[in-house]
Amino acid sequence: MIAQARTATLAGIDALPVTVEVDLQGGNPFFIMVGLPDAAVKESQERVRTAIRNSGLTFPMSKIVCNLAPGDIKKEGPSLDLPIAAAVLAASGQVPPGSLADTLMLGELGLDGILRPIDGAVSCALHAKEMGYEKFILPKQNAAEAAVIPDLEVYGMGTLLEVVEMLNGSMYAEPFKHETLTHALKPQFEVDFSDIKGQKHAVRALEIAAAGGHNVLMNGPPGSGKTMLARRLPTIMPPLSLDESIAVTRIYSSCGQHQGKEGLIWERPFRSPHHTSSYAAVVGGGKIPKPGEVSLSHHGVLFLDEMPEYSREVLESLRQPLEDGVVTVSRVQSSMTFPADCVLVGAMNPCPCGFKGYPEAKCVGASACDRYAGKISGPLLDRIDLHITVPKLKPDELLQQQAGEHSEAIRERVLAARDIQTERFGKAKVNGGMSPRDIRELVGMDEGCQDFMRLVTARMNLSARVFDRLLKVARTIADLGGSEPVTKQHLSEAVQYRGDTAS
């Protein structure tokens with residue numbers, strides 16, 4: 001008798017359909033598995049056999065052929081244990097085969113029959129809905145994560161025996177109910193902009209970056225507060241929407257970085273990879289491509305401290321995600337595109353020693369400074385909207401007791417500017433992502449503004465890309481001020497943030 005169970009396997013952050021086919025034949029007991037299983041999937045036959053027996057069920061003593069269709073897709077991980085066990089039990093008559101027809105199931109089995117959590121529950125739930133399945137059975141630890149997908153009955157189970165009893169109708173199982181309270185969820189931050197002393201120019205730049213989704217490069221000597229500023233940027237960014245939260249959770253869940261947590265991720269990611277991180281770690285890669293740090297920063301912040309110390313290959317690979325909001329990783333066997341819509345915040349010293357321009361400290365020399373600054377290419381600098389200098393704090397600023405402006409107050413202004421952009425573009429776009437057509441339509445300049453920009457372009461030798469990014473920043477500054485037209489004042493402030501930080 002042949003029985004089938006429906007399941008899925010992860011390819012990057014997407015779930016691909018897999019049908020588990022089990023055929024019981026006469027002859028000596030033997031278990032053979034085909035369909036491009038990896039080592040973890042091949043080992044499932046021992047976990048399945050032992051889990052079935054330790055659950056008080058009968059493992060058939062016959063030749064078992066298990067096919068994982070389609071046969072040209074590599075199947076990875078132990079999450080196929082449950083559907084394989086269900087198909088074996090259905091083929092041996094211990095579970096009605098019809099009960100598996102409209103159900104997607106995933107789960108790793110312990111030797112005692114306990115279901116262990118899996119990776120990629122949100123992606124598999126989205127796949128189940130797209131394929132029209134009515135039920136989704138998975139470990140109870142993943143139920144809250146998967147249940148955010150509407151119009152899908154999600155059943156979180158603790159053991160294989162519970163799954164069998166549910167399929168046989170001898171136990172009533174209630175679908176997991178998930179209450180989405182996106183408006184009430186406020187992430188709690190341990191840091192605040194009130195911790196920052198001085199640096200009002202830099203705080204203002206980060207406010208603009210948060211309001212319009214602009215990239216930032218900070219240049220300053222060691223200890224001036226660049227890292228402190230970057231780590232506080234998420235505290236003034238708008239809270240994640242439900243769609244953004246699902247997108248972020250999909251990435252973390254598929255990478256195995258959501259284990260032990262229930263429900264969705266509601267905090268904007270902040271990722272700070274070390275400058276020795278490899279290309280694959282930052283961009284994504286592997287034999288079967290997996291998301292890297294730039295994708296783990298999706299809808300959040302990617303902070304590159306000591307930016308010139310990163311390898312040239314890593315820095316140049318950031319061009320595509322900064323421009324398009326996605327990153328494509330190509331391999332001989334597959335090519336995958338991962339979301340990577342993040343705010344890049346880079347930090348660098350003015351020179352290798354960090355004290356260029358400060359007479360009280362001796363600098364290493366002009367040639368060394370030029371080599372250091374040249375590690376960041378012009379095309380990459382063009383894609384960074386805000387270039388700011390973070391100077392060394394003066395003694396009076398260090399001794400001041402008065403707290404700076406709180407993140408909550410800054411966030412209110414950011415939210416007001418984001419509301420304007422939502423009315424303008426819809427939910428999925430901010431000023432930093434404006435197209436050239438959007439710029440022409442939304443950044444109308446009078447004759448005085450045109451004369452000003454003509455002078456600025458000539459004096460600063462701006463490229464077309466930088467020119468457009470200046471207009472995007474000016475549009476955000478106008479939105480923060482509640483102004484519909486972009487004025488010369490807004491353009492002037494935007495130009496201040498294009499100082500050559502690499503010089």
# chains A, B, ... in the order shown; residues from 1 in each chain; ligands from 1
>>> closest_atom_pairs(of="region 135-215 of chain A", to="region 402-422 of chain A", cutoff="6 Å", atoms="only C-alpha atoms", output="Markdown table")
| residue | atom | partner | partner_atom | distance |
| --- | --- | --- | --- | --- |
| A:Asp192 | CA | A:Ser407 | CA | 5.6 |
| A:Phe193 | CA | A:Ser407 | CA | 5.1 |
| A:Ser194 | CA | A:Gly404 | CA | 4.1 |
| A:Ala211 | CA | A:Val414 | CA | 4.8 |
>>> write_last_selection(atoms="N, CA and C atoms", output="PDB file, in the first residue's frame")
ATOM      1  N   ASP A 192      19.282  54.869  25.135  1.00  0.00           N
ATOM      2  CA  ASP A 192      18.444  56.011  24.780  1.00  0.00           C
ATOM      3  C   ASP A 192      19.337  57.138  24.292  1.00  0.00           C
ATOM      4  N   PHE A 193      18.811  57.973  23.425  1.00  0.00           N
ATOM      5  CA  PHE A 193      19.592  59.100  22.920  1.00  0.00           C
ATOM      6  C   PHE A 193      19.891  60.123  24.012  1.00  0.00           C
ATOM      7  N   SER A 194      19.179  60.071  25.123  1.00  0.00           N
ATOM      8  CA  SER A 194      19.476  60.982  26.228  1.00  0.00           C
ATOM      9  C   SER A 194      20.845  60.683  26.838  1.00  0.00           C
ATOM     10  N   ALA A 211      13.931  58.808   9.665  1.00  0.00           N
ATOM     11  CA  ALA A 211      12.682  59.286   9.061  1.00  0.00           C
ATOM     12  C   ALA A 211      12.570  58.886   7.597  1.00  0.00           C
TER      13      ALA A 211
END
>>> residues_around(residues="region 466-482 of chain A", least_positions_apart="4", cutoff="10 Å", atoms="only C-alpha atoms", output="PyMOL selection string")
chain A and resi 205+207-214+379+381-386+413-421+430-436+438-440+442-445+453+456-457+461-462+486-498
>>> write_last_selection(atoms="C-alpha atoms", output="mmCIF file, in the first residue's frame")
data_model
loop_
_atom_site.group_PDB
_atom_site.id
_atom_site.type_symbol
_atom_site.label_atom_id
_atom_site.label_comp_id
_atom_site.auth_asym_id
_atom_site.auth_seq_id
_atom_site.Cartn_x
_atom_site.Cartn_y
_atom_site.Cartn_z
ATOM 1 C CA ALA A 205 21.513 63.338 10.975
ATOM 2 C CA GLU A 207 16.886 61.502 12.973
ATOM 3 C CA ILE A 208 16.816 62.228 9.234
ATOM 4 C CA ALA A 209 18.146 58.728 8.514
ATOM 5 C CA ALA A 210 15.398 57.123 10.622
ATOM 6 C CA ALA A 211 12.682 59.286 9.061
ATOM 7 C CA GLY A 212 13.627 58.615 5.440
ATOM 8 C CA GLY A 213 15.529 55.321 5.509
ATOM 9 C CA HIS A 214 18.838 56.927 4.528
ATOM 10 C CA PRO A 379 30.763 54.217 -5.976
ATOM 11 C CA LEU A 381 30.342 56.412 -0.952
ATOM 12 C CA ASP A 382 27.884 57.641 -3.588
ATOM 13 C CA ARG A 383 25.276 55.258 -2.175
ATOM 14 C CA ILE A 384 25.550 56.660 1.346
ATOM 15 C CA ASP A 385 23.234 59.644 1.754
ATOM 16 C CA LEU A 386 24.519 61.277 4.950
ATOM 17 C CA ARG A 413 8.909 63.453 14.918
ATOM 18 C CA VAL A 414 10.146 60.454 12.923
ATOM 19 C CA LEU A 415 6.692 58.839 13.084
ATOM 20 C CA ALA A 416 5.036 62.056 11.892
ATOM 21 C CA ALA A 417 7.401 62.185 8.895
ATOM 22 C CA ARG A 418 6.819 58.482 8.173
ATOM 23 C CA ASP A 419 3.038 59.073 8.231
ATOM 24 C CA ILE A 420 3.490 61.690 5.502
ATOM 25 C CA GLN A 421 5.489 59.209 3.422
ATOM 26 C CA VAL A 430 10.136 55.709 2.211
ATOM 27 C CA ASN A 431 11.960 58.702 0.783
ATOM 28 C CA GLY A 432 15.258 56.809 0.682
ATOM 29 C CA GLY A 433 13.717 54.444 -1.870
ATOM 30 C CA MET A 434 12.350 57.074 -4.252
ATOM 31 C CA SER A 435 12.835 56.457 -7.944
ATOM 32 C CA PRO A 436 14.019 59.185 -10.357
ATOM 33 C CA ASP A 438 9.326 60.095 -7.803
ATOM 34 C CA ILE A 439 12.030 62.695 -7.322
ATOM 35 C CA ARG A 440 10.851 64.705 -10.345
ATOM 36 C CA LEU A 442 7.828 65.183 -5.394
ATOM 37 C CA VAL A 443 10.850 67.477 -5.202
ATOM 38 C CA GLY A 444 9.721 70.422 -7.267
ATOM 39 C CA MET A 445 12.257 73.256 -7.153
ATOM 40 C CA MET A 453 21.659 73.266 -6.817
ATOM 41 C CA VAL A 456 26.406 73.173 -5.527
ATOM 42 C CA THR A 457 26.702 70.590 -8.316
ATOM 43 C CA ASN A 461 31.417 67.971 -8.718
ATOM 44 C CA LEU A 462 28.388 65.840 -7.855
ATOM 45 C CA VAL A 486 11.205 71.570 -0.670
ATOM 46 C CA THR A 487 12.865 74.923 -0.052
ATOM 47 C CA LYS A 488 16.397 76.249 -0.348
ATOM 48 C CA GLN A 489 16.737 75.865 3.430
ATOM 49 C CA HIS A 490 16.014 72.132 3.190
ATOM 50 C CA LEU A 491 18.466 71.753 0.322
ATOM 51 C CA SER A 492 21.144 73.658 2.229
ATOM 52 C CA GLU A 493 20.873 71.330 5.213
ATOM 53 C CA ALA A 494 21.001 68.288 2.942
ATOM 54 C CA VAL A 495 24.214 69.607 1.333
ATOM 55 C CA GLN A 496 25.821 69.847 4.785
ATOM 56 C CA TYR A 497 25.604 66.077 5.052
ATOM 57 C CA ARG A 498 27.598 65.467 1.870
#
>>> residues_around(residues="Ile13 (chain A)", least_positions_apart="4", cutoff="7 Å", atoms="only C-alpha atoms", output="ChimeraX atom specification")
/A:123,250-251,254
>>> residues_around(residues="Glu162 (chain A)", least_positions_apart="4", cutoff="12 Å", atoms="only C-alpha atoms", output="short mmCIF file (atom, residue, chain, number, x, y, z; two decimals) with N, CA and C atoms, in the first residue's frame")
data_model
loop_
_atom_site.label_atom_id
_atom_site.label_comp_id
_atom_site.auth_asym_id
_atom_site.auth_seq_id
_atom_site.Cartn_x
_atom_site.Cartn_y
_atom_site.Cartn_z
N ILE A 52 8.37 5.64 16.69
CA ILE A 52 7.11 4.90 16.52
C ILE A 52 6.99 3.81 17.58
N SER A 55 6.43 5.13 21.09
CA SER A 55 5.12 5.77 21.26
C SER A 55 4.01 4.74 21.42
N GLY A 56 4.37 3.46 21.49
CA GLY A 56 3.37 2.41 21.64
C GLY A 56 2.70 2.02 20.35
N LEU A 57 3.29 2.40 19.22
CA LEU A 57 2.74 2.08 17.91
C LEU A 57 3.57 0.95 17.29
N LEU A 82 8.48 13.92 11.02
CA LEU A 82 7.06 13.73 11.29
C LEU A 82 6.28 13.27 10.06
N ALA A 86 4.32 9.74 9.68
CA ALA A 86 2.88 9.71 9.39
C ALA A 86 2.59 8.87 8.15
N GLY A 113 9.58 10.00 20.84
CA GLY A 113 8.37 10.46 20.15
C GLY A 113 8.02 11.91 20.38
N ILE A 114 8.84 12.62 21.15
CA ILE A 114 8.59 14.05 21.38
C ILE A 114 8.92 14.84 20.12
N LEU A 115 8.09 15.86 19.83
CA LEU A 115 8.34 16.74 18.69
C LEU A 115 9.23 17.90 19.12
N ILE A 137 0.31 21.02 10.82
CA ILE A 137 0.71 20.38 12.07
C ILE A 137 2.22 20.53 12.23
N LEU A 138 2.64 21.00 13.40
CA LEU A 138 4.05 21.23 13.66
C LEU A 138 4.29 21.21 15.17
N PRO A 139 5.51 21.25 15.64
CA PRO A 139 5.77 21.24 17.08
C PRO A 139 5.12 22.44 17.77
N LYS A 140 4.70 22.24 19.01
CA LYS A 140 3.97 23.29 19.72
C LYS A 140 4.83 24.53 19.96
N TYR A 155 -1.90 23.61 14.23
CA TYR A 155 -1.99 22.72 15.38
C TYR A 155 -0.59 22.47 15.93
N GLY A 156 -0.34 22.93 17.14
CA GLY A 156 0.93 22.69 17.80
C GLY A 156 0.86 21.42 18.64
N MET A 157 1.67 20.45 18.32
CA MET A 157 1.63 19.15 18.98
C MET A 157 2.93 18.89 19.76
N GLY A 158 2.78 18.09 20.82
CA GLY A 158 3.92 17.79 21.66
C GLY A 158 4.59 16.47 21.36
N MET A 166 -4.91 12.61 16.88
CA MET A 166 -5.66 13.66 16.19
C MET A 166 -6.08 13.19 14.80
N LEU A 167 -5.16 12.56 14.06
CA LEU A 167 -5.48 12.09 12.72
C LEU A 167 -6.52 10.97 12.75
N ASN A 168 -6.51 10.18 13.80
CA ASN A 168 -7.50 9.09 13.93
C ASN A 168 -8.84 9.58 14.47
N GLY A 169 -8.87 10.83 14.95
CA GLY A 169 -10.12 11.36 15.48
C GLY A 169 -10.40 10.96 16.91
N SER A 170 -9.45 10.33 17.58
CA SER A 170 -9.66 9.91 18.97
C SER A 170 -9.32 11.01 19.96
N MET A 171 -8.75 12.10 19.48
CA MET A 171 -8.44 13.24 20.34
C MET A 171 -8.82 14.52 19.61
N TYR A 172 -9.53 15.40 20.33
CA TYR A 172 -9.90 16.68 19.73
C TYR A 172 -8.78 17.68 19.98
N ALA A 173 -8.33 18.32 18.91
CA ALA A 173 -7.27 19.31 19.02
C ALA A 173 -7.81 20.67 18.60
#
>>> closest_residue(among="A:Gln400, A:Thr58, A:Gln25, A:Asn349", to="Met307 (chain A)", atoms="only C-alpha atoms")
A:Asn349
>>> closest_residue(among="A:His299, A:Pro289, A:Ala128, A:Gly98", to="Ile2 (chain A)", atoms="only C-alpha atoms")
A:Gly98
>>> closest_residue(among="A:Val283, A:Val390, A:Ala368, A:Leu24", to="Phe338 (chain A)", atoms="only C-alpha atoms")
A:Val283
>>> residues_around(residues="Phe136 (chain A)", least_positions_apart="2", cutoff="6 Å", atoms="only C-alpha atoms", output="tab-separated table (two decimals) with C-alpha atoms, in the first residue's frame")
chain	number	residue	atom	x	y	z
A	103	THR	CA	-2.61	18.70	5.89
A	104	LEU	CA	0.95	20.01	5.79
A	105	MET	CA	3.18	18.70	8.57
A	154	VAL	CA	-2.28	25.64	12.98
>>> residues_around(residues="region 308-325 of chain A", least_positions_apart="6", cutoff="10 Å", atoms="only C-alpha atoms", output="PyMOL selection string")
chain A and resi 214-215+273-283+294-295+298-299+338-344+346-349+351-352+371-377+379-384+432-433+502
>>> select_by_dssp(residues="region 157-282 of chain A", states="helix (DSSP H, G or I)", output="PyMOL selection string")
chain A and resi 160-168+193-195+200-212+226-231+233-236+242-254+279-282
>>> decode(residues="region 29-147 of chain A", atoms="C-alpha atoms", output="compact mmCIF listing (two decimals), in the first residue's frame")
# COMPACT_ATOMS: atom_id res chain seq x y z
CA PRO A 29 12.65 -5.76 6.67
CA PHE A 30 14.54 -2.94 5.01
CA PHE A 31 14.17 0.87 4.88
CA ILE A 32 15.37 2.67 1.75
CA MET A 33 15.02 6.42 1.16
CA VAL A 34 15.35 8.16 -2.20
CA GLY A 35 14.78 11.70 -3.49
CA LEU A 36 18.05 13.58 -2.76
CA PRO A 37 17.99 13.47 1.06
CA ASP A 38 20.94 14.93 2.91
CA ALA A 39 22.64 13.14 5.82
CA ALA A 40 20.18 14.50 8.41
CA VAL A 41 17.20 13.30 6.36
CA LYS A 42 18.76 9.86 5.80
CA GLU A 43 19.23 9.47 9.54
CA SER A 44 15.52 10.11 10.07
CA GLN A 45 14.71 6.48 9.36
CA GLU A 46 16.31 5.48 12.67
CA ARG A 47 14.60 8.30 14.55
CA VAL A 48 11.26 7.39 12.95
CA ARG A 49 11.60 3.68 13.69
CA THR A 50 12.52 4.24 17.35
CA ALA A 51 9.95 7.03 17.91
CA ILE A 52 7.11 4.90 16.52
CA ARG A 53 7.99 1.97 18.76
CA ASN A 54 8.50 4.12 21.88
CA SER A 55 5.12 5.77 21.26
CA GLY A 56 3.37 2.41 21.64
CA LEU A 57 2.74 2.08 17.91
CA THR A 58 3.78 -0.68 15.51
CA PHE A 59 6.63 -0.24 13.08
CA PRO A 60 5.94 -2.47 10.02
CA MET A 61 8.38 -5.37 9.60
CA SER A 62 8.61 -5.23 5.80
CA LYS A 63 10.54 -3.57 3.03
CA ILE A 64 9.82 0.17 3.15
CA VAL A 65 10.54 2.43 0.18
CA CYS A 66 10.29 6.13 1.00
CA ASN A 67 10.43 8.63 -1.87
CA LEU A 68 10.78 12.39 -1.31
CA ALA A 69 9.29 14.01 -4.39
CA PRO A 70 10.28 15.92 -6.45
CA GLY A 71 13.52 14.05 -6.81
CA ASP A 72 15.60 16.94 -8.16
CA ILE A 73 15.40 19.15 -5.03
CA LYS A 74 17.86 18.65 -2.18
CA LYS A 75 16.06 17.95 1.12
CA GLU A 76 17.78 19.20 4.25
CA GLY A 77 17.37 18.93 8.00
CA PRO A 78 15.43 16.74 10.42
CA SER A 79 12.05 18.49 10.00
CA LEU A 80 10.83 15.72 7.65
CA ASP A 81 10.74 13.17 10.50
CA LEU A 82 7.06 13.73 11.29
CA PRO A 83 5.67 13.44 7.73
CA ILE A 84 7.79 10.34 7.11
CA ALA A 85 6.46 8.74 10.30
CA ALA A 86 2.88 9.71 9.39
CA ALA A 87 3.23 8.21 5.91
CA VAL A 88 4.67 4.97 7.35
CA LEU A 89 1.78 4.71 9.81
CA ALA A 90 -0.76 5.48 7.07
CA ALA A 91 0.74 2.83 4.77
CA SER A 92 0.54 0.26 7.59
CA GLY A 93 -3.10 1.11 8.35
CA GLN A 94 -2.56 2.80 11.71
CA VAL A 95 -3.64 6.20 10.39
CA PRO A 96 -6.38 6.88 7.80
CA PRO A 97 -4.58 7.88 4.57
CA GLY A 98 -7.33 10.41 3.83
CA SER A 99 -6.50 12.36 6.99
CA LEU A 100 -3.19 13.42 5.42
CA ALA A 101 -4.67 14.80 2.22
CA ASP A 102 -5.34 18.41 3.27
CA THR A 103 -2.61 18.70 5.89
CA LEU A 104 0.95 20.01 5.79
CA MET A 105 3.18 18.70 8.57
CA LEU A 106 6.71 19.26 9.78
CA GLY A 107 8.62 18.28 12.89
CA GLU A 108 11.76 16.65 14.23
CA LEU A 109 11.22 13.51 16.30
CA GLY A 110 13.04 12.56 19.45
CA LEU A 111 13.64 8.89 20.13
CA ASP A 112 10.81 8.98 22.69
CA GLY A 113 8.37 10.46 20.15
CA ILE A 114 8.59 14.05 21.38
CA LEU A 115 8.34 16.74 18.69
CA ARG A 116 11.21 19.20 18.64
CA PRO A 117 11.07 22.71 17.12
CA ILE A 118 12.01 23.35 13.51
CA ASP A 119 13.43 26.20 11.44
CA GLY A 120 11.38 28.24 9.00
CA ALA A 121 7.91 27.80 10.54
CA VAL A 122 6.63 31.13 9.17
CA SER A 123 7.86 30.36 5.65
CA CYS A 124 6.22 26.92 5.77
CA ALA A 125 2.97 28.43 7.04
CA LEU A 126 2.94 30.90 4.14
CA HIS A 127 3.59 28.00 1.78
CA ALA A 128 0.72 25.98 3.32
CA LYS A 129 -1.67 28.86 2.76
CA GLU A 130 -0.50 29.40 -0.83
CA MET A 131 -0.94 25.69 -1.60
CA GLY A 132 -4.46 25.69 -0.18
CA TYR A 133 -3.89 23.33 2.77
CA GLU A 134 -6.48 23.57 5.54
CA LYS A 135 -4.27 22.35 8.40
CA PHE A 136 -0.67 22.76 9.43
CA ILE A 137 0.71 20.38 12.07
CA LEU A 138 4.05 21.23 13.66
CA PRO A 139 5.77 21.24 17.08
CA LYS A 140 3.97 23.29 19.72
CA GLN A 141 7.04 25.52 20.20
CA ASN A 142 6.54 26.85 16.66
CA ALA A 143 2.75 27.27 16.80
CA ALA A 144 2.72 30.93 17.88
CA GLU A 145 5.13 31.79 15.08
CA ALA A 146 3.11 30.05 12.36
CA ALA A 147 -0.34 31.07 13.59
